[in-house]
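To keep things clear, I will list the structure first and then write my remarks on it.
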Amino acid sequence: MNEHLSRAFFARPTLDVARDLLGKRLTRRLSGERLSGYIIEIEAYVGEDDQSSHARPGLTARNAPMYGPPGFTYVYLIYGMYHCLNFVTEREGYPAAVLVRALEPLEGLTTQQHLRGPQHPPRDLARGPGRLCQALAIDLTLNARDVCADDAPLWIEDAPPIAESRVARSPRIGVRGDDRAVSIPWRFYLRESPWVSGKVSFNRHHAKTGQ
DNA sequence: GCAATGATGCACT
DNA sequence: GTGCATCATTGCG
């Protein structure tokens with residue numbers, strides 16, 4: 001039901017964590033109100049050898065949470081205006097995380113729409129990593145926070161697993177680096193979901209069953 | 001529909 | 001000074 005995901009869930013291989021987070025409920029408590037949505041798109045960033053990972057240059061002040069214990073957030077500012085939400089995975093000391101890219105909005109829709117701005121269509125509430133952070137009021141104050149703690153402002157609630165037939169994989173969005181980094185299919189999303197970010201043609205072209 | 005571009009702050013070379 | 005794991009707007013067809 002409302003069981004929070006434990007640290008053991010995050011302390012596993014990053015690709016497994018990413019795959020298994022599909023369908024789980026990302027929940028934010030803001031001024032006593034619940035804002036939530038199902039995770040329907042997520043990417044994995046694994047180790048310093050991953051060309052498109054923030055951990056590529058080694059430990060820095062910004063990417064330090066990626067080297068910390070699993071089950072913590074890594075929130076960063078991108079392009080000066082948007083935030084991206086990650087969850088740290090694997091063992092402490094090994095830099096890996098998953099980037100949440102899109103949600104199917106569930107609770108607190110009025111507040112989420114208000115946070116995003118009334119001019120935006122409901123479909124774009126949380127379709128994209130920057131947008132979902134706006135919809136759930138996620139900024140740098142939520143960086144390096146323990147999502148497994150009882151009093152966390154942000155956590156993940158368990159939900160029934162998603163059938164393999166509904167999972168699609170593709171290369172990650174907006175990556176730089178060598179051919180391997182660009183082409184490796186470490187983006188997981190729910191096939192057929194209208195809440196997935198990016199272009200339909202891209203998703204259809206790359207859609208294939210996971211694992 | 002789509003591509004091009006501007007907005008904007010901060011970490012890092 | 002440079003370059004982003006992005007999004008919204010514009011201008012084209």
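A note on labels: chains of the structure tokens are A, B, ... as shown, every chain counts residues from 1, and ligands are counted from 1 in their shown order.
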
Just asking: which residues within segment 35-203 of chain A are strand (DSSP E) according to DSSP, as a tab-separated table (two decimals) with all heavy atoms, in the first residue's frame?
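File produced: selection_39.tsv:
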```tsv
chain	number	residue	atom	x	y	z
A	35	LEU	N	1.65	15.59	-2.86
A	35	LEU	CA	1.76	15.71	-4.31
A	35	LEU	C	2.43	14.42	-4.78
A	35	LEU	O	3.46	14.03	-4.23
A	35	LEU	CB	2.62	16.91	-4.72
A	35	LEU	CG	2.30	18.26	-4.09
A	35	LEU	CD1	3.30	19.32	-4.57
A	35	LEU	CD2	0.88	18.68	-4.42
A	36	SER	N	1.86	13.76	-5.78
A	36	SER	CA	2.48	12.50	-6.18
A	36	SER	C	2.22	12.18	-7.64
A	36	SER	O	1.39	12.82	-8.31
A	36	SER	CB	1.96	11.35	-5.30
A	36	SER	OG	0.64	11.02	-5.66
A	37	GLY	N	2.95	11.19	-8.10
A	37	GLY	CA	2.76	10.69	-9.47
A	37	GLY	C	3.50	9.38	-9.64
A	37	GLY	O	4.46	9.09	-8.90
A	38	TYR	N	3.05	8.57	-10.59
A	38	TYR	CA	3.74	7.32	-10.90
A	38	TYR	C	4.95	7.61	-11.77
A	38	TYR	O	4.86	8.37	-12.74
A	38	TYR	CB	2.81	6.36	-11.63
A	38	TYR	CG	1.68	5.82	-10.79
A	38	TYR	CD1	0.35	6.11	-11.09
A	38	TYR	CD2	1.95	5.02	-9.68
A	38	TYR	CE1	-0.69	5.61	-10.32
A	38	TYR	CE2	0.93	4.52	-8.91
A	38	TYR	CZ	-0.39	4.81	-9.24
A	38	TYR	OH	-1.41	4.33	-8.46
A	39	ILE	N	6.06	6.96	-11.43
A	39	ILE	CA	7.26	7.09	-12.25
A	39	ILE	C	7.06	6.29	-13.53
A	39	ILE	O	6.84	5.08	-13.48
A	39	ILE	CB	8.50	6.59	-11.48
A	39	ILE	CG1	8.74	7.47	-10.24
A	39	ILE	CG2	9.73	6.58	-12.40
A	39	ILE	CD1	9.86	6.96	-9.34
A	40	ILE	N	7.16	6.95	-14.67
A	40	ILE	CA	6.94	6.23	-15.91
A	40	ILE	C	8.12	6.37	-16.88
A	40	ILE	O	8.08	5.81	-17.97
A	40	ILE	CB	5.63	6.67	-16.60
A	40	ILE	CG1	5.61	8.17	-16.85
A	40	ILE	CG2	4.41	6.32	-15.77
A	40	ILE	CD1	6.06	8.50	-18.21
A	41	GLU	N	9.15	7.09	-16.46
A	41	GLU	CA	10.34	7.22	-17.31
A	41	GLU	C	11.55	7.53	-16.43
A	41	GLU	O	11.48	8.40	-15.57
A	41	GLU	CB	10.12	8.33	-18.33
A	41	GLU	CG	11.30	8.52	-19.26
A	41	GLU	CD	11.06	9.63	-20.29
A	41	GLU	OE1	9.92	10.10	-20.39
A	41	GLU	OE2	12.03	10.01	-20.95
A	42	ILE	N	12.67	6.84	-16.68
A	42	ILE	CA	13.83	6.97	-15.80
A	42	ILE	C	15.09	6.54	-16.55
A	42	ILE	O	15.03	5.72	-17.47
A	42	ILE	CB	13.59	6.12	-14.52
A	42	ILE	CG1	14.55	6.48	-13.41
A	42	ILE	CG2	13.62	4.62	-14.86
A	42	ILE	CD1	14.03	6.10	-12.04
A	43	GLU	N	16.21	7.14	-16.19
A	43	GLU	CA	17.48	6.80	-16.83
A	43	GLU	C	18.52	6.42	-15.79
A	43	GLU	O	18.48	6.90	-14.65
A	43	GLU	CB	18.02	7.98	-17.64
A	43	GLU	CG	17.25	8.25	-18.91
A	43	GLU	CD	17.76	9.49	-19.66
A	43	GLU	OE1	18.64	10.19	-19.13
A	43	GLU	OE2	17.28	9.73	-20.75
A	44	ALA	N	19.49	5.59	-16.19
A	44	ALA	CA	20.56	5.16	-15.30
A	44	ALA	C	21.88	5.82	-15.69
A	44	ALA	O	22.20	5.94	-16.87
A	44	ALA	CB	20.71	3.63	-15.35
A	45	TYR	N	22.63	6.24	-14.67
A	45	TYR	CA	23.97	6.80	-14.86
A	45	TYR	C	24.89	6.05	-13.91
A	45	TYR	O	24.71	6.10	-12.69
A	45	TYR	CB	23.97	8.31	-14.60
A	45	TYR	CG	23.21	9.05	-15.67
A	45	TYR	CD1	21.83	9.20	-15.59
A	45	TYR	CD2	23.87	9.54	-16.80
A	45	TYR	CE1	21.12	9.84	-16.60
A	45	TYR	CE2	23.17	10.18	-17.80
A	45	TYR	CZ	21.80	10.33	-17.70
A	45	TYR	OH	21.11	10.95	-18.70
A	46	VAL	N	25.88	5.35	-14.46
A	46	VAL	CA	26.59	4.34	-13.69
A	46	VAL	C	28.11	4.50	-13.75
A	46	VAL	O	28.72	4.25	-14.79
A	46	VAL	CB	26.23	2.93	-14.20
A	46	VAL	CG1	26.84	1.87	-13.29
A	46	VAL	CG2	24.72	2.75	-14.30
A	73	THR	N	18.75	11.67	-2.34
A	73	THR	CA	18.51	12.42	-3.58
A	73	THR	C	19.82	13.04	-4.07
A	73	THR	O	20.74	13.30	-3.30
A	73	THR	CB	17.52	13.57	-3.34
A	73	THR	OG1	18.05	14.43	-2.32
A	73	THR	CG2	16.16	13.04	-2.93
A	74	TYR	N	19.87	13.25	-5.38
A	74	TYR	CA	20.88	14.12	-5.98
A	74	TYR	C	20.12	15.08	-6.89
A	74	TYR	O	19.65	14.68	-7.95
A	74	TYR	CB	21.93	13.31	-6.75
A	74	TYR	CG	22.86	14.16	-7.60
A	74	TYR	CD1	23.40	15.33	-7.10
A	74	TYR	CD2	23.19	13.78	-8.90
A	74	TYR	CE1	24.25	16.12	-7.87
A	74	TYR	CE2	24.03	14.55	-9.68
A	74	TYR	CZ	24.57	15.71	-9.16
A	74	TYR	OH	25.40	16.50	-9.93
A	75	VAL	N	19.97	16.31	-6.44
A	75	VAL	CA	19.26	17.34	-7.21
A	75	VAL	C	20.27	18.35	-7.70
A	75	VAL	O	21.14	18.79	-6.95
A	75	VAL	CB	18.18	18.05	-6.35
A	75	VAL	CG1	17.49	19.14	-7.16
A	75	VAL	CG2	17.17	17.05	-5.83
A	76	TYR	N	20.20	18.70	-8.96
A	76	TYR	CA	21.11	19.72	-9.47
A	76	TYR	C	20.35	20.69	-10.39
A	76	TYR	O	19.26	20.39	-10.88
A	76	TYR	CB	22.29	19.09	-10.22
A	76	TYR	CG	21.89	18.30	-11.43
A	76	TYR	CD1	21.72	18.91	-12.67
A	76	TYR	CD2	21.68	16.94	-11.33
A	76	TYR	CE1	21.37	18.18	-13.78
A	76	TYR	CE2	21.31	16.20	-12.44
A	76	TYR	CZ	21.15	16.83	-13.66
A	76	TYR	OH	20.79	16.10	-14.75
A	77	LEU	N	20.97	21.85	-10.58
A	77	LEU	CA	20.40	22.89	-11.43
A	77	LEU	C	21.00	22.76	-12.82
A	77	LEU	O	22.20	22.57	-12.96
A	77	LEU	CB	20.74	24.25	-10.83
A	77	LEU	CG	20.18	25.50	-11.52
A	77	LEU	CD1	18.66	25.52	-11.40
A	77	LEU	CD2	20.78	26.73	-10.88
A	78	ILE	N	20.16	22.85	-13.82
A	78	ILE	CA	20.66	22.70	-15.19
A	78	ILE	C	20.21	23.90	-16.03
A	78	ILE	O	19.09	24.38	-15.88
A	78	ILE	CB	20.16	21.37	-15.80
A	78	ILE	CG1	20.77	21.12	-17.16
A	78	ILE	CG2	18.64	21.34	-15.91
A	78	ILE	CD1	22.16	20.57	-17.11
A	82	TYR	N	16.41	25.13	-14.55
A	82	TYR	CA	15.65	23.91	-14.28
A	82	TYR	C	16.41	23.01	-13.32
A	82	TYR	O	17.63	23.04	-13.24
A	82	TYR	CB	15.37	23.16	-15.58
A	82	TYR	CG	14.58	23.97	-16.56
A	82	TYR	CD1	15.18	24.53	-17.68
A	82	TYR	CD2	13.23	24.21	-16.34
A	82	TYR	CE1	14.46	25.29	-18.56
A	82	TYR	CE2	12.50	24.98	-17.22
A	82	TYR	CZ	13.11	25.52	-18.33
A	82	TYR	OH	12.39	26.28	-19.20
A	83	HIS	N	15.64	22.20	-12.60
A	83	HIS	CA	16.24	21.22	-11.70
A	83	HIS	C	15.99	19.82	-12.22
A	83	HIS	O	15.00	19.58	-12.92
A	83	HIS	CB	15.64	21.36	-10.29
A	83	HIS	CG	15.88	22.69	-9.67
A	83	HIS	ND1	17.03	23.02	-9.01
A	83	HIS	CD2	15.11	23.81	-9.65
A	83	HIS	CE1	16.97	24.27	-8.58
A	83	HIS	NE2	15.81	24.79	-8.96
A	84	CYS	N	16.91	18.90	-11.88
A	84	CYS	CA	16.73	17.50	-12.22
A	84	CYS	C	16.85	16.67	-10.95
A	84	CYS	O	17.71	16.94	-10.10
A	84	CYS	CB	17.78	17.04	-13.23
A	84	CYS	SG	17.57	17.74	-14.88
A	85	LEU	N	15.99	15.65	-10.84
A	85	LEU	CA	15.92	14.82	-9.63
A	85	LEU	C	16.50	13.43	-9.90
A	85	LEU	O	16.07	12.75	-10.84
A	85	LEU	CB	14.46	14.68	-9.18
A	85	LEU	CG	14.21	13.67	-8.06
A	85	LEU	CD1	14.86	14.12	-6.76
A	85	LEU	CD2	12.72	13.44	-7.88
A	86	ASN	N	17.49	13.05	-9.10
A	86	ASN	CA	18.08	11.71	-9.18
A	86	ASN	C	17.97	11.03	-7.82
A	86	ASN	O	17.88	11.69	-6.79
A	86	ASN	CB	19.58	11.79	-9.52
A	86	ASN	CG	19.87	12.48	-10.83
A	86	ASN	OD1	20.19	11.84	-11.81
A	86	ASN	ND2	19.77	13.81	-10.85
A	87	PHE	N	18.03	9.67	-7.85
A	87	PHE	CA	18.17	8.89	-6.63
A	87	PHE	C	19.48	8.11	-6.70
A	87	PHE	O	19.76	7.46	-7.70
A	87	PHE	CB	16.99	7.95	-6.44
A	87	PHE	CG	15.69	8.67	-6.26
A	87	PHE	CD1	14.71	8.60	-7.23
A	87	PHE	CD2	15.47	9.45	-5.13
A	87	PHE	CE1	13.51	9.30	-7.08
A	87	PHE	CE2	14.28	10.14	-4.97
A	87	PHE	CZ	13.30	10.07	-5.94
A	88	VAL	N	20.25	8.20	-5.63
A	88	VAL	CA	21.55	7.53	-5.58
A	88	VAL	C	21.35	6.03	-5.40
A	88	VAL	O	20.48	5.60	-4.64
A	88	VAL	CB	22.40	8.11	-4.43
A	88	VAL	CG1	23.75	7.39	-4.34
A	88	VAL	CG2	22.60	9.61	-4.65
A	96	ALA	N	26.74	6.34	-8.68
A	96	ALA	CA	25.69	5.89	-9.60
A	96	ALA	C	24.36	6.45	-9.14
A	96	ALA	O	24.15	6.68	-7.94
A	96	ALA	CB	25.63	4.37	-9.65
A	97	ALA	N	23.46	6.70	-10.10
A	97	ALA	CA	22.16	7.28	-9.77
A	97	ALA	C	21.19	7.05	-10.92
A	97	ALA	O	21.59	6.69	-12.03
A	97	ALA	CB	22.31	8.78	-9.50
A	98	VAL	N	19.92	7.25	-10.62
A	98	VAL	CA	18.90	7.22	-11.66
A	98	VAL	C	18.22	8.58	-11.74
A	98	VAL	O	17.94	9.20	-10.71
A	98	VAL	CB	17.85	6.12	-11.39
A	98	VAL	CG1	18.48	4.74	-11.51
A	98	VAL	CG2	17.21	6.28	-10.02
A	99	LEU	N	18.02	9.06	-12.96
A	99	LEU	CA	17.37	10.35	-13.21
A	99	LEU	C	15.89	10.11	-13.53
A	99	LEU	O	15.57	9.38	-14.46
A	99	LEU	CB	18.04	11.04	-14.40
A	99	LEU	CG	17.31	12.24	-15.00
A	99	LEU	CD1	17.30	13.41	-14.04
A	99	LEU	CD2	17.93	12.65	-16.33
A	100	VAL	N	15.02	10.73	-12.74
A	100	VAL	CA	13.59	10.61	-12.98
A	100	VAL	C	13.20	11.59	-14.09
A	100	VAL	O	13.41	12.80	-13.95
A	100	VAL	CB	12.77	10.90	-11.71
A	100	VAL	CG1	11.29	10.66	-11.96
A	100	VAL	CG2	13.26	10.05	-10.56
A	101	ARG	N	12.65	11.08	-15.17
A	101	ARG	CA	12.40	11.93	-16.34
A	101	ARG	C	10.93	12.29	-16.55
A	101	ARG	O	10.63	13.29	-17.23
A	101	ARG	CB	12.91	11.26	-17.60
A	101	ARG	CG	14.42	11.26	-17.76
A	101	ARG	CD	14.80	10.93	-19.20
A	101	ARG	NE	14.17	11.85	-20.12
A	101	ARG	CZ	14.72	13.00	-20.51
A	101	ARG	NH1	15.90	13.35	-20.11
A	101	ARG	NH2	14.06	13.79	-21.34
A	102	ALA	N	10.01	11.49	-16.02
A	102	ALA	CA	8.60	11.82	-16.23
A	102	ALA	C	7.72	11.07	-15.24
A	102	ALA	O	8.05	9.98	-14.79
A	102	ALA	CB	8.17	11.48	-17.66
A	103	LEU	N	6.60	11.70	-14.89
A	103	LEU	CA	5.61	11.12	-13.99
A	103	LEU	C	4.24	11.16	-14.62
A	103	LEU	O	3.95	12.02	-15.45
A	103	LEU	CB	5.53	11.92	-12.67
A	103	LEU	CG	6.79	12.15	-11.85
A	103	LEU	CD1	6.45	13.05	-10.66
A	103	LEU	CD2	7.36	10.84	-11.39
A	104	GLU	N	3.40	10.21	-14.19
A	104	GLU	CA	1.97	10.31	-14.45
A	104	GLU	C	1.35	10.92	-13.20
A	104	GLU	O	1.28	10.28	-12.16
A	104	GLU	CB	1.37	8.92	-14.72
A	104	GLU	CG	-0.13	8.95	-14.87
A	104	GLU	CD	-0.72	7.56	-15.06
A	104	GLU	OE1	0.03	6.67	-15.51
A	104	GLU	OE2	-1.90	7.38	-14.74
A	105	PRO	N	0.93	12.18	-13.26
A	105	PRO	CA	0.47	12.88	-12.06
A	105	PRO	C	-0.71	12.16	-11.40
A	105	PRO	O	-1.58	11.62	-12.09
A	105	PRO	CB	0.04	14.25	-12.58
A	105	PRO	CG	0.77	14.41	-13.87
A	105	PRO	CD	0.86	13.03	-14.45
A	106	LEU	N	-0.72	12.18	-10.05
A	106	LEU	CA	-1.72	11.39	-9.34
A	106	LEU	C	-2.45	12.22	-8.29
A	106	LEU	O	-3.66	12.35	-8.33
A	106	LEU	CB	-1.03	10.19	-8.70
A	106	LEU	CG	-1.94	9.11	-8.13
A	106	LEU	CD1	-2.78	8.50	-9.23
A	106	LEU	CD2	-1.09	8.04	-7.45
A	107	GLU	N	-1.71	12.77	-7.31
A	107	GLU	CA	-2.35	13.50	-6.23
A	107	GLU	C	-1.90	14.96	-6.24
A	107	GLU	O	-0.79	15.26	-6.66
A	107	GLU	CB	-1.97	12.89	-4.88
A	107	GLU	CG	-2.42	11.46	-4.69
A	107	GLU	CD	-1.81	10.87	-3.42
A	107	GLU	OE1	-0.67	10.40	-3.48
A	107	GLU	OE2	-2.49	10.89	-2.38
A	154	LEU	N	10.31	13.98	0.75
A	154	LEU	CA	10.17	13.33	-0.56
A	154	LEU	C	10.51	11.86	-0.37
A	154	LEU	O	11.53	11.53	0.22
A	154	LEU	CB	11.15	13.98	-1.55
A	154	LEU	CG	11.10	13.53	-3.00
A	154	LEU	CD1	9.85	14.08	-3.69
A	154	LEU	CD2	12.34	13.99	-3.74
A	155	TRP	N	9.65	10.98	-0.88
A	155	TRP	CA	9.92	9.56	-0.73
A	155	TRP	C	9.22	8.80	-1.86
A	155	TRP	O	8.52	9.40	-2.68
A	155	TRP	CB	9.45	9.06	0.64
A	155	TRP	CG	7.97	9.09	0.84
A	155	TRP	CD1	7.08	8.08	0.61
A	155	TRP	CD2	7.18	10.20	1.31
A	155	TRP	NE1	5.79	8.50	0.92
A	155	TRP	CE2	5.83	9.79	1.34
A	155	TRP	CE3	7.49	11.52	1.71
A	155	TRP	CZ2	4.79	10.64	1.74
A	155	TRP	CZ3	6.46	12.36	2.10
A	155	TRP	CH2	5.14	11.92	2.12
A	156	ILE	N	9.42	7.47	-1.88
A	156	ILE	CA	8.80	6.64	-2.91
A	156	ILE	C	7.99	5.54	-2.24
A	156	ILE	O	8.49	4.87	-1.33
A	156	ILE	CB	9.85	6.03	-3.85
A	156	ILE	CG1	10.66	7.14	-4.52
A	156	ILE	CG2	9.18	5.17	-4.91
A	156	ILE	CD1	11.81	6.63	-5.35
A	157	GLU	N	6.74	5.39	-2.68
A	157	GLU	CA	5.87	4.35	-2.13
A	157	GLU	C	5.81	3.17	-3.08
A	157	GLU	O	5.76	3.34	-4.31
A	157	GLU	CB	4.48	4.93	-1.89
A	157	GLU	CG	4.50	6.02	-0.82
A	157	GLU	CD	3.14	6.68	-0.62
A	157	GLU	OE1	2.18	6.28	-1.31
A	157	GLU	OE2	3.06	7.58	0.23
A	167	VAL	N	7.34	-2.56	-20.54
A	167	VAL	CA	8.58	-1.79	-20.38
A	167	VAL	C	9.30	-1.66	-21.72
A	167	VAL	O	9.50	-2.65	-22.42
A	167	VAL	CB	9.51	-2.47	-19.36
A	167	VAL	CG1	10.81	-1.68	-19.23
A	167	VAL	CG2	8.83	-2.59	-18.01
A	168	ALA	N	9.68	-0.44	-22.05
A	168	ALA	CA	10.48	-0.20	-23.25
A	168	ALA	C	11.81	0.42	-22.83
A	168	ALA	O	11.92	1.02	-21.76
A	168	ALA	CB	9.74	0.72	-24.20
A	169	ARG	N	12.82	0.25	-23.70
A	169	ARG	CA	14.14	0.83	-23.43
A	169	ARG	C	14.59	1.63	-24.63
A	169	ARG	O	14.19	1.36	-25.76
A	169	ARG	CB	15.16	-0.28	-23.16
A	169	ARG	CG	14.85	-1.09	-21.94
A	169	ARG	CD	15.87	-2.20	-21.76
A	169	ARG	NE	17.21	-1.67	-21.50
A	169	ARG	CZ	18.22	-2.41	-21.05
A	169	ARG	NH1	18.04	-3.68	-20.83
A	169	ARG	NH2	19.41	-1.88	-20.84
A	170	SER	N	15.45	2.61	-24.39
A	170	SER	CA	16.01	3.39	-25.50
A	170	SER	C	17.32	4.00	-25.02
A	170	SER	O	17.63	3.96	-23.83
A	170	SER	CB	15.03	4.50	-25.92
A	170	SER	OG	15.21	5.64	-25.09
A	187	ARG	N	17.75	4.05	-20.79
A	187	ARG	CA	16.50	4.77	-20.49
A	187	ARG	C	15.37	3.75	-20.48
A	187	ARG	O	15.25	2.95	-21.42
A	187	ARG	CB	16.24	5.83	-21.54
A	187	ARG	CG	14.87	6.52	-21.47
A	187	ARG	CD	14.78	7.61	-22.53
A	187	ARG	NE	13.47	8.26	-22.59
A	187	ARG	CZ	12.63	8.15	-23.64
A	187	ARG	NH1	12.96	7.43	-24.68
A	187	ARG	NH2	11.48	8.76	-23.63
A	188	PHE	N	14.59	3.76	-19.42
A	188	PHE	CA	13.46	2.83	-19.28
A	188	PHE	C	12.18	3.65	-19.21
A	188	PHE	O	12.12	4.65	-18.51
A	188	PHE	CB	13.59	2.00	-17.99
A	188	PHE	CG	14.81	1.13	-17.93
A	188	PHE	CD1	16.05	1.67	-17.60
A	188	PHE	CD2	14.73	-0.23	-18.21
A	188	PHE	CE1	17.18	0.87	-17.55
A	188	PHE	CE2	15.86	-1.04	-18.15
A	188	PHE	CZ	17.09	-0.49	-17.82
A	189	TYR	N	11.15	3.20	-19.92
A	189	TYR	CA	9.88	3.92	-19.83
A	189	TYR	C	8.73	2.97	-20.12
A	189	TYR	O	8.93	1.86	-20.62
A	189	TYR	CB	9.86	5.11	-20.79
A	189	TYR	CG	10.02	4.77	-22.26
A	189	TYR	CD1	8.91	4.70	-23.10
A	189	TYR	CD2	11.29	4.55	-22.80
A	189	TYR	CE1	9.07	4.42	-24.45
A	189	TYR	CE2	11.44	4.26	-24.14
A	189	TYR	CZ	10.34	4.19	-24.96
A	189	TYR	OH	10.49	3.90	-26.29
A	190	LEU	N	7.52	3.43	-19.77
A	190	LEU	CA	6.34	2.62	-20.00
A	190	LEU	C	5.86	2.83	-21.43
A	190	LEU	O	5.48	3.92	-21.80
A	190	LEU	CB	5.21	2.98	-19.02
A	190	LEU	CG	5.43	2.59	-17.57
A	190	LEU	CD1	4.12	2.71	-16.80
A	190	LEU	CD2	5.95	1.17	-17.46
```

Polymer residues at most 12 Å from DA7 of chain B, only C-alpha atoms (C1' of nucleotides), same-chain spacing of 4 or more positions, as a ChimeraX atom specification: /A:79-82 /C:6-9

Residue neighbourhood Gly68 of chain A, 10 Å, only C-alpha atoms (C1' of nucleotides), exclusion window fewer than 3 positions, as a list in words: Asn63, Ala64, Pro65, Gly71, Phe72, Thr73, Tyr74, Val88, Thr89, Glu90, Arg91, Glu92, Gly93, Tyr94, Pro95, Ala96 and Ala144 of chain A

Just-selected residues, N, CA, C and O atoms written as an mmCIF file, in the first residue's frame:
```cif
data_model
loop_
_atom_site.group_PDB
_atom_site.id
_atom_site.type_symbol
_atom_site.label_atom_id
_atom_site.label_comp_id
_atom_site.auth_asym_id
_atom_site.auth_seq_id
_atom_site.Cartn_x
_atom_site.Cartn_y
_atom_site.Cartn_z
ATOM 1 N N ASN A 63 28.738 16.855 -7.470
ATOM 2 C CA ASN A 63 28.278 15.480 -7.637
ATOM 3 C C ASN A 63 28.495 14.612 -6.394
ATOM 4 O O ASN A 63 28.253 13.404 -6.439
ATOM 5 N N ALA A 64 28.927 15.225 -5.299
ATOM 6 C CA ALA A 64 29.234 14.466 -4.085
ATOM 7 C C ALA A 64 28.115 13.510 -3.654
ATOM 8 O O ALA A 64 28.408 12.390 -3.221
ATOM 9 N N PRO A 65 26.846 13.915 -3.758
ATOM 10 C CA PRO A 65 25.799 12.977 -3.336
ATOM 11 C C PRO A 65 25.831 11.646 -4.092
ATOM 12 O O PRO A 65 25.457 10.613 -3.542
ATOM 13 N N GLY A 71 19.782 5.654 -1.698
ATOM 14 C CA GLY A 71 18.532 6.091 -1.102
ATOM 15 C C GLY A 71 18.498 7.565 -0.770
ATOM 16 O O GLY A 71 17.593 8.020 -0.083
ATOM 17 N N PHE A 72 19.492 8.312 -1.239
ATOM 18 C CA PHE A 72 19.507 9.763 -1.067
ATOM 19 C C PHE A 72 19.220 10.430 -2.407
ATOM 20 O O PHE A 72 19.441 9.842 -3.466
ATOM 21 N N THR A 73 18.754 11.667 -2.343
ATOM 22 C CA THR A 73 18.514 12.420 -3.577
ATOM 23 C C THR A 73 19.815 13.041 -4.074
ATOM 24 O O THR A 73 20.737 13.299 -3.302
ATOM 25 N N TYR A 74 19.872 13.247 -5.379
ATOM 26 C CA TYR A 74 20.885 14.120 -5.976
ATOM 27 C C TYR A 74 20.124 15.079 -6.893
ATOM 28 O O TYR A 74 19.646 14.685 -7.947
ATOM 29 N N VAL A 88 20.253 8.198 -5.630
ATOM 30 C CA VAL A 88 21.555 7.533 -5.585
ATOM 31 C C VAL A 88 21.351 6.026 -5.404
ATOM 32 O O VAL A 88 20.481 5.597 -4.638
ATOM 33 N N THR A 89 22.162 5.253 -6.124
ATOM 34 C CA THR A 89 22.053 3.792 -6.090
ATOM 35 C C THR A 89 23.394 3.153 -5.726
ATOM 36 O O THR A 89 24.407 3.830 -5.589
ATOM 37 N N GLU A 90 23.359 1.825 -5.619
ATOM 38 C CA GLU A 90 24.546 0.993 -5.364
ATOM 39 C C GLU A 90 25.211 1.341 -4.034
ATOM 40 O O GLU A 90 24.603 1.949 -3.167
ATOM 41 N N ARG A 91 26.453 0.943 -3.877
ATOM 42 C CA ARG A 91 27.079 1.068 -2.559
ATOM 43 C C ARG A 91 27.684 2.463 -2.377
ATOM 44 O O ARG A 91 28.008 3.137 -3.364
ATOM 45 N N GLU A 92 27.811 2.854 -1.126
ATOM 46 C CA GLU A 92 28.448 4.131 -0.831
ATOM 47 C C GLU A 92 29.875 4.110 -1.380
ATOM 48 O O GLU A 92 30.592 3.119 -1.258
ATOM 49 N N GLY A 93 30.284 5.214 -1.997
ATOM 50 C CA GLY A 93 31.621 5.304 -2.564
ATOM 51 C C GLY A 93 31.659 5.040 -4.056
ATOM 52 O O GLY A 93 32.616 5.420 -4.727
ATOM 53 N N TYR A 94 30.605 4.394 -4.589
ATOM 54 C CA TYR A 94 30.534 4.148 -6.031
ATOM 55 C C TYR A 94 29.477 5.074 -6.629
ATOM 56 O O TYR A 94 28.310 5.016 -6.244
ATOM 57 N N PRO A 95 29.882 5.973 -7.555
ATOM 58 C CA PRO A 95 28.961 7.001 -8.036
ATOM 59 C C PRO A 95 27.979 6.471 -9.081
ATOM 60 O O PRO A 95 28.350 6.208 -10.222
ATOM 61 N N ALA A 96 26.736 6.341 -8.681
ATOM 62 C CA ALA A 96 25.689 5.893 -9.605
ATOM 63 C C ALA A 96 24.357 6.454 -9.137
ATOM 64 O O ALA A 96 24.151 6.685 -7.942
ATOM 65 N N ALA A 144 20.582 15.883 -1.638
ATOM 66 C CA ALA A 144 21.256 15.080 -0.615
ATOM 67 C C ALA A 144 20.354 14.787 0.573
ATOM 68 O O ALA A 144 20.795 14.782 1.722
#
```

A:Arg25, A:Arg172, A:Arg7, A:Arg19 ranked by distance to chain C, top pick (using only C-alpha atoms (C1' of nucleotides)): A:Arg172

Can you write out as a Markdown table which residues of chain B fall within 7 Å of chain A, alongside each residue's closest atom pair and its distance in Å to one decimal, counting only C-alpha atoms (C1' of nucleotides) and ordering rows by chain and ascending residue number?
```
| residue | atom | partner | partner_atom | distance |
| --- | --- | --- | --- | --- |
| B:DT8 | C1' | A:Gly80 | CA | 4.6 |
| B:DG9 | C1' | A:Gly80 | CA | 3.9 |
| B:DC10 | C1' | A:Gly80 | CA | 6.9 |
```

DA3 of chain B surroundings by only C-alpha atoms (C1' of nucleotides), 12 Å radius, close-in-sequence under 4 positions cut, as a list in words: DT10, DG11, DC12 and DG13 of chain C

Closest of A:Arg123, A:Arg131, A:Arg145, A:Lys24 to chain C - atom-to-atom distances counting only C-alpha atoms (C1' of nucleotides):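 For chain C, the nearest of the given residues is A:Arg131.
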
Alpha helix (DSSP H) positions in segment 29-210 of chain A, given as a PyMOL selection string: chain A and resi 64-67+109-116+129-135+179-183+200-206

Interatomic distance, atom CA of Asp50 of chain A to atom CA of Ala181 of chain A (Å, one decimal):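 Taking atom CA of Asp50 of chain A as the start and atom CA of Ala181 of chain A as the end point, the length is 6.6 Å.
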